[in-house]
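Note sheet for the following structure.
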Amino acid sequence: MTTTGMPPAEARALRADLRDFYDDYAVCLDEEDLGRWTTFFTDDGIYRVTSRENHAAGLPLCAIECVGMPMIRDRVAAIEARLEAWPGLALAGGAYRGVGIPDCIRSGEAAAERVAATTLARAVAGA
């Protein structure tokens with residue numbers, strides 16, 4: 001996106017709006033609020049998770065593809081249902097909470113804490 005030709009004040013406002021949007025998106029993922037996550041997509045939005053190698057090679061194959069809001073909501077519902085069925089299961093990694101190395105580390109640490117808490121609760125309940 002370019003702001004060339006836009007009045008400076010309008011360009012600054014647009015950049016600020018985009019920063020706010022990305023900040024809100026990141027907070028939503030950090031808080032693992034998958035229900036709110038769907039609100040960042042338009043009704044005809046497409047969500048794809050593609051490996052870096054496939055993207056670099058121009059290959060269209062992706063691990064996950066949701067076309068339109070109904071598919072995106074179905075994906076979230078399926079993820080949440082599986083997590084409820086497996087209390088010791090936690091999701092981590094670039095497909096869920098940011099793709100940078102620090103994001104993945106935080107995601108892994110948070111997942112480990114959730115699994116440890118569940119394991120401890122089960123051990124205490126069984127004692």
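Chain lettering (A, B, ...) mirrors the order of the structure tokens, residue numbering begins at 1 for each chain separately, and ligand numbering begins at 1 in order of display.
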Exercise: stretch 59-71 of chain A partners within 12 Å, only C-alpha atoms, chain neighbours under 6 positions left out, as a PDB file with C-alpha atoms, in the first residue's frame:
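Final output, saved to selection.pdb:
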```
ATOM      1  CA  GLY A  35     -13.989 -15.926  18.811  1.00  0.00           C
ATOM      2  CA  TRP A  37     -10.227 -13.336  15.940  1.00  0.00           C
ATOM      3  CA  THR A  38     -12.941 -14.036  13.361  1.00  0.00           C
ATOM      4  CA  THR A  39     -14.024 -10.383  13.487  1.00  0.00           C
ATOM      5  CA  PHE A  40     -10.822  -9.359  11.713  1.00  0.00           C
ATOM      6  CA  PHE A  41     -12.041 -10.950   8.471  1.00  0.00           C
ATOM      7  CA  THR A  42     -14.574  -9.764   5.927  1.00  0.00           C
ATOM      8  CA  ASP A  43     -17.450 -12.044   4.897  1.00  0.00           C
ATOM      9  CA  ASP A  44     -15.530 -13.079   1.784  1.00  0.00           C
ATOM     10  CA  GLY A  45     -12.124 -13.137   3.502  1.00  0.00           C
ATOM     11  CA  ILE A  46      -9.625 -15.932   2.944  1.00  0.00           C
ATOM     12  CA  TYR A  47      -7.378 -17.320   5.676  1.00  0.00           C
ATOM     13  CA  ARG A  48      -4.424 -19.425   4.551  1.00  0.00           C
ATOM     14  CA  VAL A  49      -1.542 -21.050   6.378  1.00  0.00           C
ATOM     15  CA  THR A  50       1.192 -21.798   3.858  1.00  0.00           C
ATOM     16  CA  SER A  51       4.717 -23.015   4.526  1.00  0.00           C
ATOM     17  CA  ARG A  52       7.497 -20.579   3.801  1.00  0.00           C
ATOM     18  CA  GLU A  53       8.961 -23.038   1.302  1.00  0.00           C
ATOM     19  CA  ALA A  77     -15.463 -23.952  16.477  1.00  0.00           C
ATOM     20  CA  ALA A  78     -13.616 -27.153  15.574  1.00  0.00           C
ATOM     21  CA  ALA A  95      -0.149 -20.902  12.976  1.00  0.00           C
ATOM     22  CA  TYR A  96      -1.887 -19.619  16.102  1.00  0.00           C
TER      23      TYR A  96
END
```
- Query: When you draw a straight line from atom CA of A:Ile105 to atom CA of A:Leu91, how long is it in Å?
  - Reply: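 Taking atom CA of A:Ile105 as the start and atom CA of A:Leu91 as the end point, the length is 12.3 Å.
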Based on DSSP run over this structure's backbone, return all residues of chain A in alpha helix (DSSP H), as a PDB file with N, CA and C atoms, in the first residue's frame.
```
ATOM      1  N   PRO A   8      -0.702  14.730   3.465  1.00  0.00           N
ATOM      2  CA  PRO A   8       0.086  14.183   4.579  1.00  0.00           C
ATOM      3  C   PRO A   8      -0.750  13.809   5.805  1.00  0.00           C
ATOM      4  N   ALA A   9      -1.706  14.639   6.171  1.00  0.00           N
ATOM      5  CA  ALA A   9      -2.514  14.339   7.360  1.00  0.00           C
ATOM      6  C   ALA A   9      -3.344  13.076   7.138  1.00  0.00           C
ATOM      7  N   GLU A  10      -3.880  12.915   5.946  1.00  0.00           N
ATOM      8  CA  GLU A  10      -4.673  11.726   5.632  1.00  0.00           C
ATOM      9  C   GLU A  10      -3.795  10.473   5.621  1.00  0.00           C
ATOM     10  N   ALA A  11      -2.587  10.596   5.075  1.00  0.00           N
ATOM     11  CA  ALA A  11      -1.660   9.463   5.043  1.00  0.00           C
ATOM     12  C   ALA A  11      -1.275   9.044   6.462  1.00  0.00           C
ATOM     13  N   ARG A  12      -1.008  10.022   7.329  1.00  0.00           N
ATOM     14  CA  ARG A  12      -0.669   9.695   8.728  1.00  0.00           C
ATOM     15  C   ARG A  12      -1.831   9.003   9.428  1.00  0.00           C
ATOM     16  N   ALA A  13      -3.029   9.490   9.189  1.00  0.00           N
ATOM     17  CA  ALA A  13      -4.210   8.885   9.820  1.00  0.00           C
ATOM     18  C   ALA A  13      -4.402   7.447   9.332  1.00  0.00           C
ATOM     19  N   LEU A  14      -4.197   7.210   8.049  1.00  0.00           N
ATOM     20  CA  LEU A  14      -4.342   5.858   7.507  1.00  0.00           C
ATOM     21  C   LEU A  14      -3.301   4.917   8.109  1.00  0.00           C
ATOM     22  N   ARG A  15      -2.046   5.382   8.178  1.00  0.00           N
ATOM     23  CA  ARG A  15      -0.996   4.549   8.788  1.00  0.00           C
ATOM     24  C   ARG A  15      -1.312   4.265  10.256  1.00  0.00           C
ATOM     25  N   ALA A  16      -1.822   5.246  10.976  1.00  0.00           N
ATOM     26  CA  ALA A  16      -2.182   5.040  12.389  1.00  0.00           C
ATOM     27  C   ALA A  16      -3.310   4.020  12.509  1.00  0.00           C
ATOM     28  N   ASP A  17      -4.304   4.109  11.630  1.00  0.00           N
ATOM     29  CA  ASP A  17      -5.405   3.131  11.645  1.00  0.00           C
ATOM     30  C   ASP A  17      -4.892   1.724  11.379  1.00  0.00           C
ATOM     31  N   LEU A  18      -3.976   1.591  10.438  1.00  0.00           N
ATOM     32  CA  LEU A  18      -3.419   0.268  10.133  1.00  0.00           C
ATOM     33  C   LEU A  18      -2.596  -0.263  11.300  1.00  0.00           C
ATOM     34  N   ARG A  19      -1.811   0.592  11.945  1.00  0.00           N
ATOM     35  CA  ARG A  19      -1.051   0.147  13.121  1.00  0.00           C
ATOM     36  C   ARG A  19      -1.994  -0.318  14.223  1.00  0.00           C
ATOM     37  N   ASP A  20      -3.061   0.448  14.449  1.00  0.00           N
ATOM     38  CA  ASP A  20      -4.045   0.057  15.464  1.00  0.00           C
ATOM     39  C   ASP A  20      -4.668  -1.298  15.130  1.00  0.00           C
ATOM     40  N   PHE A  21      -5.004  -1.489  13.851  1.00  0.00           N
ATOM     41  CA  PHE A  21      -5.594  -2.757  13.419  1.00  0.00           C
ATOM     42  C   PHE A  21      -4.639  -3.915  13.716  1.00  0.00           C
ATOM     43  N   TYR A  22      -3.379  -3.784  13.312  1.00  0.00           N
ATOM     44  CA  TYR A  22      -2.402  -4.855  13.546  1.00  0.00           C
ATOM     45  C   TYR A  22      -2.141  -5.058  15.034  1.00  0.00           C
ATOM     46  N   ASP A  23      -2.110  -3.978  15.806  1.00  0.00           N
ATOM     47  CA  ASP A  23      -1.941  -4.117  17.259  1.00  0.00           C
ATOM     48  C   ASP A  23      -3.115  -4.874  17.873  1.00  0.00           C
ATOM     49  N   ASP A  24      -4.338  -4.514  17.475  1.00  0.00           N
ATOM     50  CA  ASP A  24      -5.530  -5.205  17.987  1.00  0.00           C
ATOM     51  C   ASP A  24      -5.510  -6.681  17.603  1.00  0.00           C
ATOM     52  N   TYR A  25      -5.081  -6.973  16.384  1.00  0.00           N
ATOM     53  CA  TYR A  25      -4.998  -8.358  15.906  1.00  0.00           C
ATOM     54  C   TYR A  25      -3.996  -9.142  16.753  1.00  0.00           C
ATOM     55  N   ALA A  26      -2.830  -8.547  17.005  1.00  0.00           N
ATOM     56  CA  ALA A  26      -1.807  -9.216  17.805  1.00  0.00           C
ATOM     57  C   ALA A  26      -2.291  -9.468  19.232  1.00  0.00           C
ATOM     58  N   VAL A  27      -2.944  -8.490  19.835  1.00  0.00           N
ATOM     59  CA  VAL A  27      -3.472  -8.665  21.192  1.00  0.00           C
ATOM     60  C   VAL A  27      -4.507  -9.782  21.214  1.00  0.00           C
ATOM     61  N   CYS A  28      -5.366  -9.810  20.228  1.00  0.00           N
ATOM     62  CA  CYS A  28      -6.388 -10.857  20.133  1.00  0.00           C
ATOM     63  C   CYS A  28      -5.737 -12.241  20.117  1.00  0.00           C
ATOM     64  N   LEU A  29      -4.693 -12.406  19.309  1.00  0.00           N
ATOM     65  CA  LEU A  29      -4.003 -13.690  19.247  1.00  0.00           C
ATOM     66  C   LEU A  29      -3.267 -13.986  20.544  1.00  0.00           C
ATOM     67  N   ASP A  30      -2.618 -12.969  21.113  1.00  0.00           N
ATOM     68  CA  ASP A  30      -1.912 -13.180  22.378  1.00  0.00           C
ATOM     69  C   ASP A  30      -2.857 -13.635  23.485  1.00  0.00           C
ATOM     70  N   LEU A  34     -10.077 -16.679  20.115  1.00  0.00           N
ATOM     71  CA  LEU A  34     -10.396 -17.125  18.759  1.00  0.00           C
ATOM     72  C   LEU A  34     -11.751 -16.624  18.286  1.00  0.00           C
ATOM     73  N   GLY A  35     -12.684 -16.449  19.202  1.00  0.00           N
ATOM     74  CA  GLY A  35     -13.989 -15.926  18.811  1.00  0.00           C
ATOM     75  C   GLY A  35     -13.883 -14.513  18.267  1.00  0.00           C
ATOM     76  N   ARG A  36     -13.098 -13.670  18.934  1.00  0.00           N
ATOM     77  CA  ARG A  36     -12.899 -12.297  18.459  1.00  0.00           C
ATOM     78  C   ARG A  36     -12.021 -12.274  17.224  1.00  0.00           C
ATOM     79  N   TRP A  37     -11.132 -13.263  17.085  1.00  0.00           N
ATOM     80  CA  TRP A  37     -10.227 -13.336  15.940  1.00  0.00           C
ATOM     81  C   TRP A  37     -11.006 -13.328  14.631  1.00  0.00           C
ATOM     82  N   ARG A  52       6.607 -21.547   4.415  1.00  0.00           N
ATOM     83  CA  ARG A  52       7.497 -20.579   3.801  1.00  0.00           C
ATOM     84  C   ARG A  52       8.065 -21.128   2.492  1.00  0.00           C
ATOM     85  N   GLU A  53       8.387 -22.422   2.491  1.00  0.00           N
ATOM     86  CA  GLU A  53       8.961 -23.038   1.302  1.00  0.00           C
ATOM     87  C   GLU A  53       7.967 -23.021   0.139  1.00  0.00           C
ATOM     88  N   ASN A  54       6.708 -23.362   0.402  1.00  0.00           N
ATOM     89  CA  ASN A  54       5.703 -23.333  -0.664  1.00  0.00           C
ATOM     90  C   ASN A  54       5.488 -21.918  -1.180  1.00  0.00           C
ATOM     91  N   HIS A  55       5.447 -20.965  -0.268  1.00  0.00           N
ATOM     92  CA  HIS A  55       5.255 -19.567  -0.684  1.00  0.00           C
ATOM     93  C   HIS A  55       6.415 -19.112  -1.575  1.00  0.00           C
ATOM     94  N   ALA A  56       7.647 -19.388  -1.132  1.00  0.00           N
ATOM     95  CA  ALA A  56       8.830 -18.972  -1.892  1.00  0.00           C
ATOM     96  C   ALA A  56       8.875 -19.624  -3.271  1.00  0.00           C
ATOM     97  N   MET A  69     -16.310 -16.233   5.731  1.00  0.00           N
ATOM     98  CA  MET A  69     -16.532 -16.214   7.172  1.00  0.00           C
ATOM     99  C   MET A  69     -17.119 -17.521   7.720  1.00  0.00           C
ATOM    100  N   PRO A  70     -18.061 -18.175   7.024  1.00  0.00           N
ATOM    101  CA  PRO A  70     -18.574 -19.434   7.579  1.00  0.00           C
ATOM    102  C   PRO A  70     -17.476 -20.479   7.795  1.00  0.00           C
ATOM    103  N   MET A  71     -16.553 -20.614   6.847  1.00  0.00           N
ATOM    104  CA  MET A  71     -15.468 -21.588   7.017  1.00  0.00           C
ATOM    105  C   MET A  71     -14.525 -21.183   8.138  1.00  0.00           C
ATOM    106  N   ILE A  72     -14.263 -19.883   8.254  1.00  0.00           N
ATOM    107  CA  ILE A  72     -13.380 -19.408   9.316  1.00  0.00           C
ATOM    108  C   ILE A  72     -14.010 -19.686  10.677  1.00  0.00           C
ATOM    109  N   ARG A  73     -15.297 -19.408  10.815  1.00  0.00           N
ATOM    110  CA  ARG A  73     -15.998 -19.682  12.089  1.00  0.00           C
ATOM    111  C   ARG A  73     -16.055 -21.182  12.374  1.00  0.00           C
ATOM    112  N   ASP A  74     -16.277 -21.990  11.355  1.00  0.00           N
ATOM    113  CA  ASP A  74     -16.280 -23.447  11.539  1.00  0.00           C
ATOM    114  C   ASP A  74     -14.922 -23.937  12.030  1.00  0.00           C
ATOM    115  N   ARG A  75     -13.856 -23.360  11.485  1.00  0.00           N
ATOM    116  CA  ARG A  75     -12.499 -23.745  11.889  1.00  0.00           C
ATOM    117  C   ARG A  75     -12.281 -23.427  13.361  1.00  0.00           C
ATOM    118  N   VAL A  76     -12.689 -22.253  13.780  1.00  0.00           N
ATOM    119  CA  VAL A  76     -12.548 -21.854  15.186  1.00  0.00           C
ATOM    120  C   VAL A  76     -13.374 -22.777  16.078  1.00  0.00           C
ATOM    121  N   ALA A  77     -14.601 -23.061  15.687  1.00  0.00           N
ATOM    122  CA  ALA A  77     -15.463 -23.952  16.477  1.00  0.00           C
ATOM    123  C   ALA A  77     -14.829 -25.335  16.607  1.00  0.00           C
ATOM    124  N   ALA A  78     -14.255 -25.830  15.534  1.00  0.00           N
ATOM    125  CA  ALA A  78     -13.616 -27.153  15.574  1.00  0.00           C
ATOM    126  C   ALA A  78     -12.406 -27.146  16.504  1.00  0.00           C
ATOM    127  N   ILE A  79     -11.607 -26.094  16.432  1.00  0.00           N
ATOM    128  CA  ILE A  79     -10.432 -25.992  17.311  1.00  0.00           C
ATOM    129  C   ILE A  79     -10.867 -25.937  18.775  1.00  0.00           C
ATOM    130  N   GLU A  80     -11.847 -25.100  19.068  1.00  0.00           N
ATOM    131  CA  GLU A  80     -12.303 -24.964  20.454  1.00  0.00           C
ATOM    132  C   GLU A  80     -12.927 -26.253  20.970  1.00  0.00           C
ATOM    133  N   ALA A  81     -13.666 -26.948  20.127  1.00  0.00           N
ATOM    134  CA  ALA A  81     -14.277 -28.221  20.543  1.00  0.00           C
ATOM    135  C   ALA A  81     -13.209 -29.265  20.857  1.00  0.00           C
ATOM    136  N   ARG A  82     -12.186 -29.319  20.044  1.00  0.00           N
ATOM    137  CA  ARG A  82     -11.115 -30.294  20.292  1.00  0.00           C
ATOM    138  C   ARG A  82     -10.360 -29.959  21.576  1.00  0.00           C
ATOM    139  N   LEU A  83     -10.142 -28.685  21.808  1.00  0.00           N
ATOM    140  CA  LEU A  83      -9.427 -28.297  23.028  1.00  0.00           C
ATOM    141  C   LEU A  83     -10.231 -28.646  24.277  1.00  0.00           C
ATOM    142  N   GLU A  84     -11.557 -28.487  24.217  1.00  0.00           N
ATOM    143  CA  GLU A  84     -12.397 -28.843  25.363  1.00  0.00           C
ATOM    144  C   GLU A  84     -12.375 -30.350  25.615  1.00  0.00           C
ATOM    145  N   ALA A  85     -12.293 -31.126  24.561  1.00  0.00           N
ATOM    146  CA  ALA A  85     -12.287 -32.583  24.692  1.00  0.00           C
ATOM    147  C   ALA A  85     -10.967 -33.106  25.254  1.00  0.00           C
ATOM    148  N   ILE A 101      10.056 -15.685  15.981  1.00  0.00           N
ATOM    149  CA  ILE A 101      10.657 -16.593  16.967  1.00  0.00           C
ATOM    150  C   ILE A 101      10.221 -16.233  18.382  1.00  0.00           C
ATOM    151  N   PRO A 102      10.241 -14.946  18.790  1.00  0.00           N
ATOM    152  CA  PRO A 102       9.767 -14.633  20.141  1.00  0.00           C
ATOM    153  C   PRO A 102       8.296 -15.019  20.350  1.00  0.00           C
ATOM    154  N   ASP A 103       7.454 -14.844  19.293  1.00  0.00           N
ATOM    155  CA  ASP A 103       6.050 -15.244  19.397  1.00  0.00           C
ATOM    156  C   ASP A 103       5.941 -16.749  19.639  1.00  0.00           C
ATOM    157  N   CYS A 104       6.718 -17.516  18.895  1.00  0.00           N
ATOM    158  CA  CYS A 104       6.670 -18.973  19.025  1.00  0.00           C
ATOM    159  C   CYS A 104       7.182 -19.419  20.391  1.00  0.00           C
ATOM    160  N   ILE A 105       8.220 -18.765  20.890  1.00  0.00           N
ATOM    161  CA  ILE A 105       8.737 -19.097  22.229  1.00  0.00           C
ATOM    162  C   ILE A 105       7.682 -18.816  23.286  1.00  0.00           C
ATOM    163  N   ARG A 106       7.061 -17.615  23.229  1.00  0.00           N
ATOM    164  CA  ARG A 106       5.999 -17.280  24.195  1.00  0.00           C
ATOM    165  C   ARG A 106       4.849 -18.276  24.099  1.00  0.00           C
ATOM    166  N   SER A 107       4.480 -18.619  22.873  1.00  0.00           N
ATOM    167  CA  SER A 107       3.386 -19.550  22.651  1.00  0.00           C
ATOM    168  C   SER A 107       3.712 -20.920  23.254  1.00  0.00           C
ATOM    169  N   GLY A 108       4.932 -21.375  23.028  1.00  0.00           N
ATOM    170  CA  GLY A 108       5.350 -22.671  23.583  1.00  0.00           C
ATOM    171  C   GLY A 108       5.400 -22.661  25.092  1.00  0.00           C
ATOM    172  N   GLU A 109       5.914 -21.566  25.663  1.00  0.00           N
ATOM    173  CA  GLU A 109       5.967 -21.463  27.121  1.00  0.00           C
ATOM    174  C   GLU A 109       4.571 -21.432  27.731  1.00  0.00           C
ATOM    175  N   ALA A 110       3.657 -20.684  27.103  1.00  0.00           N
ATOM    176  CA  ALA A 110       2.279 -20.609  27.603  1.00  0.00           C
ATOM    177  C   ALA A 110       1.605 -21.979  27.499  1.00  0.00           C
ATOM    178  N   ALA A 111       1.843 -22.675  26.396  1.00  0.00           N
ATOM    179  CA  ALA A 111       1.264 -24.020  26.234  1.00  0.00           C
ATOM    180  C   ALA A 111       1.817 -24.969  27.299  1.00  0.00           C
ATOM    181  N   ALA A 112       3.113 -24.890  27.552  1.00  0.00           N
ATOM    182  CA  ALA A 112       3.723 -25.751  28.572  1.00  0.00           C
ATOM    183  C   ALA A 112       3.138 -25.464  29.947  1.00  0.00           C
ATOM    184  N   GLU A 113       2.917 -24.187  30.248  1.00  0.00           N
ATOM    185  CA  GLU A 113       2.310 -23.831  31.536  1.00  0.00           C
ATOM    186  C   GLU A 113       0.898 -24.386  31.664  1.00  0.00           C
ATOM    187  N   ARG A 114       0.111 -24.309  30.575  1.00  0.00           N
ATOM    188  CA  ARG A 114      -1.256 -24.845  30.622  1.00  0.00           C
ATOM    189  C   ARG A 114      -1.244 -26.363  30.823  1.00  0.00           C
ATOM    190  N   VAL A 115      -0.361 -27.037  30.117  1.00  0.00           N
ATOM    191  CA  VAL A 115      -0.285 -28.492  30.246  1.00  0.00           C
ATOM    192  C   VAL A 115       0.186 -28.867  31.652  1.00  0.00           C
ATOM    193  N   ALA A 116       1.181 -28.142  32.164  1.00  0.00           N
ATOM    194  CA  ALA A 116       1.679 -28.426  33.518  1.00  0.00           C
ATOM    195  C   ALA A 116       0.588 -28.203  34.557  1.00  0.00           C
ATOM    196  N   ALA A 117      -0.191 -27.138  34.407  1.00  0.00           N
ATOM    197  CA  ALA A 117      -1.272 -26.853  35.358  1.00  0.00           C
ATOM    198  C   ALA A 117      -2.324 -27.955  35.317  1.00  0.00           C
ATOM    199  N   THR A 118      -2.664 -28.429  34.121  1.00  0.00           N
ATOM    200  CA  THR A 118      -3.642 -29.502  33.987  1.00  0.00           C
ATOM    201  C   THR A 118      -3.104 -30.791  34.600  1.00  0.00           C
ATOM    202  N   THR A 119      -1.839 -31.073  34.352  1.00  0.00           N
ATOM    203  CA  THR A 119      -1.217 -32.284  34.893  1.00  0.00           C
ATOM    204  C   THR A 119      -1.191 -32.226  36.422  1.00  0.00           C
ATOM    205  N   LEU A 120      -0.832 -31.069  36.972  1.00  0.00           N
ATOM    206  CA  LEU A 120      -0.806 -30.902  38.431  1.00  0.00           C
ATOM    207  C   LEU A 120      -2.205 -31.060  39.020  1.00  0.00           C
ATOM    208  N   ALA A 121      -3.195 -30.459  38.384  1.00  0.00           N
ATOM    209  CA  ALA A 121      -4.575 -30.558  38.876  1.00  0.00           C
ATOM    210  C   ALA A 121      -5.038 -32.013  38.877  1.00  0.00           C
ATOM    211  N   ARG A 122      -4.679 -32.755  37.845  1.00  0.00           N
ATOM    212  CA  ARG A 122      -5.059 -34.178  37.797  1.00  0.00           C
ATOM    213  C   ARG A 122      -4.353 -34.977  38.880  1.00  0.00           C
ATOM    214  N   ALA A 123      -3.072 -34.663  39.110  1.00  0.00           N
ATOM    215  CA  ALA A 123      -2.311 -35.376  40.134  1.00  0.00           C
ATOM    216  C   ALA A 123      -2.897 -35.102  41.514  1.00  0.00           C
ATOM    217  N   VAL A 124      -3.248 -33.845  41.799  1.00  0.00           N
ATOM    218  CA  VAL A 124      -3.825 -33.484  43.093  1.00  0.00           C
ATOM    219  C   VAL A 124      -5.184 -34.151  43.269  1.00  0.00           C
ATOM    220  N   ALA A 125      -5.989 -34.165  42.198  1.00  0.00           N
ATOM    221  CA  ALA A 125      -7.327 -34.773  42.277  1.00  0.00           C
ATOM    222  C   ALA A 125      -7.236 -36.293  42.490  1.00  0.00           C
ATOM    223  N   GLY A 126      -6.175 -36.899  41.940  1.00  0.00           N
ATOM    224  CA  GLY A 126      -6.027 -38.338  42.061  1.00  0.00           C
ATOM    225  C   GLY A 126      -5.352 -38.775  43.357  1.00  0.00           C
TER     226      GLY A 126
END
```
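Among the residues of stretch 2-97 of chain A, backbone DSSP assigns strand (DSSP E or B) to Ile46, Tyr47, Arg48, Val49, Ile64, Glu65, Cys66 and Val67 of chain A.
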